[in-house]
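Pasting target.cif here (mmCIF, C-alpha atoms and all ligand atoms):
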```cif
data_entry
#
loop_
_atom_site.label_atom_id
_atom_site.label_comp_id
_atom_site.auth_asym_id
_atom_site.auth_seq_id
_atom_site.Cartn_x
_atom_site.Cartn_y
_atom_site.Cartn_z
CA MET A 1127 153.96 -52.44 -20.11
CA ASN A 1128 152.80 -53.16 -16.57
CA THR A 1129 153.52 -56.36 -14.68
CA VAL A 1130 150.01 -57.77 -15.13
CA GLN A 1131 150.26 -57.34 -18.90
CA GLN A 1132 153.73 -58.82 -18.88
CA LYS A 1133 152.59 -61.88 -16.92
CA HIS A 1134 149.60 -62.55 -19.19
CA LEU A 1135 151.64 -62.21 -22.36
CA TRP A 1136 154.55 -64.34 -21.20
CA LYS A 1137 152.25 -67.02 -19.88
CA PHE A 1138 150.60 -67.24 -23.28
CA ALA A 1139 153.96 -67.21 -25.07
CA ARG A 1140 155.22 -70.08 -22.86
CA GLY A 1141 152.12 -72.08 -23.71
CA GLU A 1142 150.71 -72.07 -20.18
CA ALA A 1143 147.73 -69.78 -20.62
CA GLU A 1144 144.16 -70.95 -20.54
CA LEU A 1145 143.27 -69.82 -24.08
CA GLN A 1146 139.71 -68.66 -23.40
CA LEU A 1147 140.83 -66.61 -20.43
CA PHE A 1148 143.74 -65.16 -22.36
CA GLU A 1149 141.52 -64.19 -25.28
CA ALA A 1150 139.00 -62.55 -22.95
CA TRP A 1151 141.78 -60.62 -21.22
CA LEU A 1152 143.26 -59.59 -24.57
CA TYR A 1153 140.11 -57.75 -25.60
CA SER A 1154 139.43 -56.30 -22.17
CA ASP A 1155 142.77 -54.55 -21.73
CA GLU A 1156 142.29 -51.23 -23.45
CA GLU A 1157 145.87 -50.06 -22.96
CA LEU A 1158 147.47 -53.07 -24.54
CA GLU A 1159 147.46 -51.64 -28.04
CA SER A 1160 149.65 -48.74 -26.94
CA VAL A 1161 152.22 -50.81 -25.06
CA VAL A 1162 152.73 -53.79 -27.38
CA ASP A 1163 154.49 -53.69 -30.73
CA GLY A 1164 151.84 -52.82 -33.36
CA HIS A 1165 152.51 -55.81 -35.58
CA VAL A 1166 152.42 -58.25 -32.66
CA TYR A 1167 149.23 -56.66 -31.34
CA LEU A 1168 147.50 -57.11 -34.69
CA ARG A 1169 148.62 -60.74 -34.85
CA LEU A 1170 147.22 -61.36 -31.38
CA ILE A 1171 143.82 -59.79 -31.88
CA SER A 1172 143.38 -61.51 -35.24
CA CYS A 1173 144.56 -64.89 -33.97
CA ASP A 1174 142.17 -67.81 -34.38
CA PHE A 1175 142.39 -69.28 -30.89
CA SER A 1176 140.57 -72.43 -31.97
CA ASP A 1177 143.38 -73.32 -34.39
CA PRO A 1178 146.40 -74.83 -32.58
CA GLU A 1179 148.81 -74.00 -35.40
CA ALA A 1180 147.67 -70.35 -35.53
CA VAL A 1181 148.06 -70.14 -31.76
CA ARG A 1182 151.57 -71.59 -31.97
CA GLN A 1183 152.58 -69.01 -34.60
CA CYS A 1184 151.20 -66.16 -32.47
CA ARG A 1185 153.02 -67.46 -29.41
CA LYS A 1186 156.24 -67.76 -31.34
CA GLU A 1187 156.04 -64.23 -32.67
CA LEU A 1188 155.13 -62.83 -29.27
CA TRP A 1189 157.95 -64.79 -27.63
CA SER A 1190 160.66 -63.34 -29.85
CA ASN A 1191 159.24 -59.85 -29.37
CA LEU A 1192 159.12 -60.12 -25.57
CA ALA A 1193 162.55 -61.75 -25.36
CA VAL A 1194 164.21 -58.59 -26.68
CA ASN A 1195 163.48 -56.66 -23.50
CA LYS A 1196 163.56 -59.31 -20.82
CA GLN A 1197 165.53 -58.43 -17.70
CA CYS A 1198 165.64 -61.89 -16.13
CA GLU A 1199 164.84 -65.49 -17.02
CA CYS A 1200 161.79 -65.90 -14.77
CA GLU A 1201 159.11 -65.31 -17.38
CA SER A 1202 160.74 -67.69 -19.85
CA ALA A 1203 160.66 -70.57 -17.37
CA ARG A 1204 157.50 -72.58 -16.98
CA ASN A 1205 155.51 -72.68 -13.73
CA PHE A 1206 157.10 -75.99 -12.99
CA ASP A 1207 160.28 -76.73 -14.83
CA THR A 1208 162.82 -79.46 -14.43
CA ILE A 1209 166.49 -78.59 -14.50
CA ARG A 1210 169.15 -80.77 -15.99
CA VAL A 1211 172.56 -80.36 -14.45
CA PHE A 1212 175.30 -79.53 -16.98
CA ARG A 1213 172.76 -78.31 -19.50
CA SER A 1214 172.16 -74.67 -18.84
CA ASP A 1215 170.08 -73.91 -21.92
CA LEU A 1216 166.73 -75.59 -21.39
CA ARG A 1217 164.78 -75.97 -24.56
CA ARG A 1218 161.12 -76.94 -24.41
CA ASP A 1219 160.15 -76.86 -28.06
CA ASP A 1220 161.32 -74.97 -31.11
CA PHE A 1221 161.16 -71.57 -29.40
CA VAL A 1222 160.35 -71.93 -25.68
CA HIS A 1223 163.63 -72.02 -23.80
CA TRP A 1224 165.39 -70.49 -20.85
CA ASN A 1225 168.89 -70.42 -19.48
CA TYR A 1226 169.58 -71.84 -16.02
CA ASP A 1227 172.84 -69.94 -15.46
CA GLN A 1228 171.16 -66.64 -16.31
CA PHE A 1229 168.24 -67.63 -14.11
CA VAL A 1230 170.51 -68.24 -11.11
CA ALA A 1231 172.34 -64.96 -11.72
CA THR A 1232 169.37 -62.85 -10.56
CA GLN A 1233 168.20 -65.10 -7.71
CA ASP A 1234 168.47 -64.22 -4.04
CA THR A 1235 168.88 -67.60 -2.33
CA SER A 1236 169.50 -66.29 1.19
CA PHE A 1237 166.12 -67.50 2.43
CA LYS A 1238 166.75 -71.07 3.62
CA PRO A 1239 164.72 -71.71 6.74
CA SER A 1240 164.90 -75.48 6.65
CA ASP A 1241 168.27 -76.94 7.67
CA GLU A 1242 166.78 -80.38 7.53
CA LEU A 1243 166.21 -80.15 3.80
CA ASP A 1244 168.91 -77.84 2.63
CA TRP A 1245 168.36 -79.03 -0.93
CA ARG A 1246 164.88 -77.54 -0.92
CA TYR A 1247 164.79 -73.80 -0.69
CA ILE A 1248 163.01 -70.67 -1.79
CA SER A 1249 164.67 -68.11 -3.95
CA ARG A 1250 163.39 -64.74 -5.04
CA CYS A 1251 164.33 -62.93 -8.22
CA LYS A 1252 166.06 -59.63 -7.46
CA VAL A 1253 164.77 -58.18 -10.73
CA CYS A 1254 161.08 -59.11 -10.96
CA GLY A 1255 160.32 -60.41 -7.46
CA THR A 1256 159.08 -63.85 -8.55
CA ASN A 1257 159.35 -66.48 -5.81
CA TRP A 1258 160.65 -69.92 -6.71
CA LEU A 1259 160.62 -73.15 -4.79
CA VAL A 1260 163.80 -74.93 -5.80
CA ASN A 1261 164.27 -78.67 -5.43
CA HIS A 1262 167.86 -79.76 -5.62
CA PRO A 1263 168.09 -83.28 -4.18
CA PRO A 1264 171.62 -84.57 -3.55
CA ARG A 1265 172.97 -87.18 -5.97
CA ASN A 1266 170.01 -86.66 -8.24
CA PHE A 1267 171.11 -85.27 -11.53
CA ASP A 1268 167.80 -85.28 -13.31
CA GLY A 1269 165.15 -84.61 -10.67
CA ASN A 1270 165.96 -80.99 -9.95
CA SER A 1271 163.18 -78.53 -10.47
CA ILE A 1272 161.97 -74.99 -9.97
CA GLU A 1273 158.40 -74.07 -9.21
CA ARG A 1274 156.81 -70.62 -9.29
CA VAL A 1275 155.18 -70.00 -5.89
CA SER A 1276 153.02 -67.32 -4.28
CA ASP A 1277 153.90 -64.78 -1.58
CA GLN A 1278 151.53 -66.70 0.68
CA LEU A 1279 153.52 -69.89 0.26
CA VAL A 1280 156.70 -68.01 1.14
CA GLU A 1281 155.04 -66.62 4.28
CA ASP A 1282 153.85 -70.10 5.28
CA ALA A 1283 157.32 -71.54 4.74
CA LYS A 1284 158.80 -68.78 6.90
CA ASN A 1285 156.43 -69.93 9.62
CA GLY A 1286 157.61 -73.50 9.21
CA ALA A 1287 154.78 -74.80 7.04
CA TRP A 1288 156.47 -76.03 3.90
CA PRO A 1289 154.29 -77.57 1.21
CA PRO A 1290 154.57 -81.37 1.00
CA ILE A 1291 157.25 -82.56 -1.39
CA GLY A 1292 155.89 -83.22 -4.84
CA THR A 1293 152.93 -80.87 -4.72
CA LYS A 1294 152.60 -78.19 -7.34
CA THR A 1295 151.24 -74.89 -6.06
CA PHE A 1296 151.89 -72.24 -8.65
CA GLY A 1297 152.07 -68.65 -7.53
ZN ZN A 1301 162.84 -62.50 -12.47
#
```
So, in terms of structure tokens, how does the structure I just supplied come out?
Amino acid sequence: MNTVQQKHLWKFARGEAELQLFEAWLYSDEELESVVDGHVYLRLISCDFSDPEAVRQCRKELWSNLAVNKQCECESARNFDTIRVFRSDLRRDDFVHWNYDQFVATQDTSFKPSDELDWRYISRCKVCGTNWLVNHPPRNFDGNSIERVSDQLVEDAKNGAWPPIGTKTFG
């Protein structure tokens, strides 16, 4: 499975895909059938995307299939996800969840260009290359978050242009 396929599938499984776009992509990717588990593929192409419960079942099935081979936590985390200190397993509904400790384990956090705000930094996954903007304000135990960001945002930050605090700019 290539990275584009992986991103589309995980995004759908997390519940963050635009359904019409996902459905259109699903039928346009001719290789998908040969790289996805046969049963899961059939479920996806026969899914009634206008029925929320059917979509949820398809996502759930896809999630457990994808989770078997995941190498890092990036694709399980949402584009913008809050972190709760002392609770490493972050559950979003009955099947969407990710583990903060496992997430941190693959992150390269050496890129910290802003001394002023040392609680706000960019990390990059050593396994899949996803960039994350991490907010870790001091003395704030519930407001911590991670946000998936683009290569462009990382370049801008390296040049001193950090995005304003509170904006969401998914990569
Ligand atoms: Zn990763």
With a cut-off of 8 Å, could you pull out the residues of chain A touching ligand ZN 1301 (chain A) and give me the nearest pair of atoms for each, distance in Å to one decimal, using only C-alpha atoms and all ligand atoms, ordered by chain and ascending number, as JSON lines?
```
{"residue": "A:Gln1197", "atom": "CA", "partner": "A:ZN1301", "partner_atom": "ZN", "distance": 7.2}
{"residue": "A:Cys1198", "atom": "CA", "partner": "A:ZN1301", "partner_atom": "ZN", "distance": 4.6}
{"residue": "A:Glu1199", "atom": "CA", "partner": "A:ZN1301", "partner_atom": "ZN", "distance": 5.8}
{"residue": "A:Cys1200", "atom": "CA", "partner": "A:ZN1301", "partner_atom": "ZN", "distance": 4.2}
{"residue": "A:Glu1201", "atom": "CA", "partner": "A:ZN1301", "partner_atom": "ZN", "distance": 6.8}
{"residue": "A:Phe1229", "atom": "CA", "partner": "A:ZN1301", "partner_atom": "ZN", "distance": 7.6}
{"residue": "A:Thr1232", "atom": "CA", "partner": "A:ZN1301", "partner_atom": "ZN", "distance": 6.8}
{"residue": "A:Gln1233", "atom": "CA", "partner": "A:ZN1301", "partner_atom": "ZN", "distance": 7.6}
{"residue": "A:Arg1250", "atom": "CA", "partner": "A:ZN1301", "partner_atom": "ZN", "distance": 7.8}
{"residue": "A:Cys1251", "atom": "CA", "partner": "A:ZN1301", "partner_atom": "ZN", "distance": 4.5}
{"residue": "A:Lys1252", "atom": "CA", "partner": "A:ZN1301", "partner_atom": "ZN", "distance": 6.6}
{"residue": "A:Val1253", "atom": "CA", "partner": "A:ZN1301", "partner_atom": "ZN", "distance": 5.0}
{"residue": "A:Cys1254", "atom": "CA", "partner": "A:ZN1301", "partner_atom": "ZN", "distance": 4.1}
{"residue": "A:Gly1255", "atom": "CA", "partner": "A:ZN1301", "partner_atom": "ZN", "distance": 6.0}
{"residue": "A:Thr1256", "atom": "CA", "partner": "A:ZN1301", "partner_atom": "ZN", "distance": 5.6}
```
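Across A:Gln1146, A:Phe1221, A:Asp1207, A:Leu1135, the tightest approach to Ser1190 in chain A is made by A:Phe1221 when counting all atoms listed in the file.
You can rank A:Asp1220, A:Gln1278, A:Thr1235, A:Thr1208 by their closest distance to Asn1261 in chain A using only C-alpha atoms, and at the top of that list sits A:Thr1208.
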Cut-off 10 Å around (153.1, -66.1, -19.9) with all atoms listed in the file: residues as a ChimeraX atom specification: /A:1131-1143,1148,1185,1189,1201-1205
Nearest candidate to Lys1294 in chain A (options A:Leu1147, A:Ile1272, A:Cys1184, A:Ala1231; using all atoms listed in the file):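 Answer, going by the shortest atom-to-atom distance: A:Ile1272.
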Å distance separating CA of Lys1186 in chain A from CA of Ile1171 in chain A, one decimal place: 14.8 Å
Option closest in space to Leu1145 in chain A, from A:His1165, A:Phe1206, A:Val1130, A:Leu1170 [counting all atoms listed in the file]: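 The answer is A:Leu1170, which sits nearest to Leu1145 in chain A.
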Interatomic distance (Å, one decimal) between CA of Leu1168 in chain A and CA of Asn1225 in chain A: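 Computed distance, CA of Leu1168 in chain A to CA of Asn1225 in chain A, equals 29.4 Å.
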Separation of CA of Asp1215 in chain A from CA of Val1230 in chain A, in Å and rounded to one decimal: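 Here the two named atoms are 12.2 Å from each other.
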Selection near Asn1257 in chain A, 8 Å with all atoms listed in the file, sequence-local residues under 4 positions removed, as an NGL selection string: :A and (1248-1251 or 1274-1277 or 1280 or 1297)
